[in-house]
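Peer 1: Would you mind keeping the following structure in view while I ask a few things?
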Amino acid sequence: MKLLITGDLVINQPYNASKMIDQKIVELFNQSDYNIVNLEAPVTNSEIKQLKTGPNLKADKNSTLSVLNVLQVDAVTLANNHVLDYGKLGIADTLQFCKSNKIATVGAGMNIFEASQTLYIDTEEGKIAIINFAENEWSAATINSAGFNPMNVIDNANQIQEAHKLADYVIVIIHGGHEYYNLPSPRMQKQYRFYADQGADIVVGNHTHCISGNEVYRGVPIYYSLGNFLFTENSLWADWYNGLILEIEIKEKKLTSEFYIVEQAKETFKLLLSNSNMVFERISVFNSIIAEAAKLQNSWEKYVDKQSKAYLNLWSPLNLIKNRYLRAALNKLNISLINKKGLSIYLNLMRCEAHRDLSNEIIKKYIEEPISKNL
């Protein structure tokens with residue numbers, strides 16, 4: 001039994017899959033028994049954009065279907081930070097699109113109960129469980145609202161443990177990490193290893209738009225990020241254009257894995273298999289850092305320093321000013337409202353579980369109220 005898993009797939013413009021995807025990749029997918037891609041843009045005609053930061057993505061329906069058909073995709077993971085970009089209608093349309101084209105889904109639904117369902121696959125090698133969840137960025141499902149299956153260590157552990165009892169193999173696919181950072185944070189490594197301890201047979205990550213390293217922890221392979229698979233948006237980041245196809249083989253009651261490197265051509269996004277020695281060497285370096293806690297911590301601290309100014313600006317009260325011209329004028333005057341006292345309050349609201357619970361609910365309710373009430 002062979003399965004293929006890829007990173008992010010976003011086709012938001014006309015794209016001729018039969019001409020633009022290398023035949024070697026097509027053959028690789030056709031020879032696989034089950035193929036899974038992360039569909040990161042809703043397939044919908046909805047024009048109702050979700051309130052959020054960052055772009056609102058939408059898939060080109062015909063081109064996306066063309067890619068899924070050419071690659072004989074059997075299932076898509078939907079737990080990602082863009083699945084709710086066009087509201088609950090966007091999710092409903094995406095689920096219907098997949099159902100109509102006989103493509104299984106996992107990781108999203110019209111409420112948390114649907115979103116947190118495990119996908120089970122019956123094969124000659126045994127039953128396989130696919131679990132998909134994402135970090136809590138914008139689109140998490142709740143009891144009453146559509147979205148993705150959210151990252152929650154307790155709920156995730158319970159889902160993995162249940163799947164471990166019911167299935168022979170458990171594959172956990174997570175959407176999370178730091179964009180354009182090629183390594184996991186120490187917290188991520190600890191958490192992903194914990195999922196392995198709960199019964200996952202392999203843990204696979206995506207979201208960062210760049211390739212990361214991998215390790216084997218207590219016999220469980222962990223791939224921290226597969227990078228982009230096919231994402232028809234231009235980027236200044238060179239890492240944007242490389243990704244991994246993960247191949248999982250189950251044979252004689254053993255699960256093994258290997259990967260293939262793919263490369264997107266800039267501008268045309270033609271997808272090719274790559275044998276780039278440079279990419280293999282970089283992955284080897286990432287692996288060596290991941291293998292040593294001190295190296296991983298050192299790399300993380302350097303990344304934190306690099307991101308410090310940008311994140312402190314995000315916490316500035318200036319971002320609460322609605323008038324963008326006034327906000328720009330204050331920025332131009334180099335007026336800063338950041339101080340240690342104010343940031344200490346923010347820090348305590350984030351790190352204290354009780355304060356975080358209340359803050360999440362209160363801010364969410366405030367944002368979701370009619371605009372007139374917030375004026």
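Chain labels A, B, ... are given in the sequence in which chains occur in the structure tokens; within each chain residues are numbered consecutively from 1, and ligands are likewise numbered from 1 in the order shown.
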Set out as JSON lines a contact list for region 156-243 of chain A and region 117-141 of chain A with a cut-off of 6 Å, giving each residue of region 156-243 of chain A that qualifies its closest atom pair and distance in Å to one decimal, counting only C-alpha atoms, ordered by chain and rising residue number.
Peer 2:
{"residue": "A:Ala167", "atom": "CA", "partner": "A:Lys127", "partner_atom": "CA", "distance": 4.9}
{"residue": "A:Asp168", "atom": "CA", "partner": "A:Lys127", "partner_atom": "CA", "distance": 5.2}
{"residue": "A:Tyr169", "atom": "CA", "partner": "A:Ile128", "partner_atom": "CA", "distance": 4.8}
{"residue": "A:Val170", "atom": "CA", "partner": "A:Ala129", "partner_atom": "CA", "distance": 4.7}
{"residue": "A:Ile171", "atom": "CA", "partner": "A:Ile130", "partner_atom": "CA", "distance": 5.0}
{"residue": "A:Val172", "atom": "CA", "partner": "A:Ile131", "partner_atom": "CA", "distance": 4.8}
{"residue": "A:Ile173", "atom": "CA", "partner": "A:Asn132", "partner_atom": "CA", "distance": 4.9}
{"residue": "A:Ile174", "atom": "CA", "partner": "A:Phe133", "partner_atom": "CA", "distance": 5.3}
{"residue": "A:His175", "atom": "CA", "partner": "A:Ala134", "partner_atom": "CA", "distance": 4.4}
{"residue": "A:Gly176", "atom": "CA", "partner": "A:Glu135", "partner_atom": "CA", "distance": 5.3}
Peer 1: For region 58-65 of chain A, please output as a ChimeraX atom specification all residues within 8 Å (counting only C-alpha atoms; exclusion window: fewer than 4 positions along the same chain).
Peer 2: /A:10-17,41-44,69,85-86
Peer 1: Nearest residue to Glu114 (chain A) out of A:Asn101, A:Asn38, A:Asn144, A:Glu249, using only C-alpha atoms?
Peer 2: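 For Glu114 (chain A), the nearest of the given residues is A:Asn144.
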Peer 1: Counting only C-alpha atoms, figure out which residue out of A:Leu57, A:Ile261, A:Ala92, A:Ala115 gets nearest to Leu78 (chain A).
Peer 2: A:Ala115
Peer 1: For Gly219 (chain A), please output as a list in words all residues within 10 Å (counting only C-alpha atoms; exclusion window: fewer than 5 positions along the same chain).
Peer 2: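 Answer for this query is Ala196, Asp201, Ile202, Leu255 and Thr256 of chain A.
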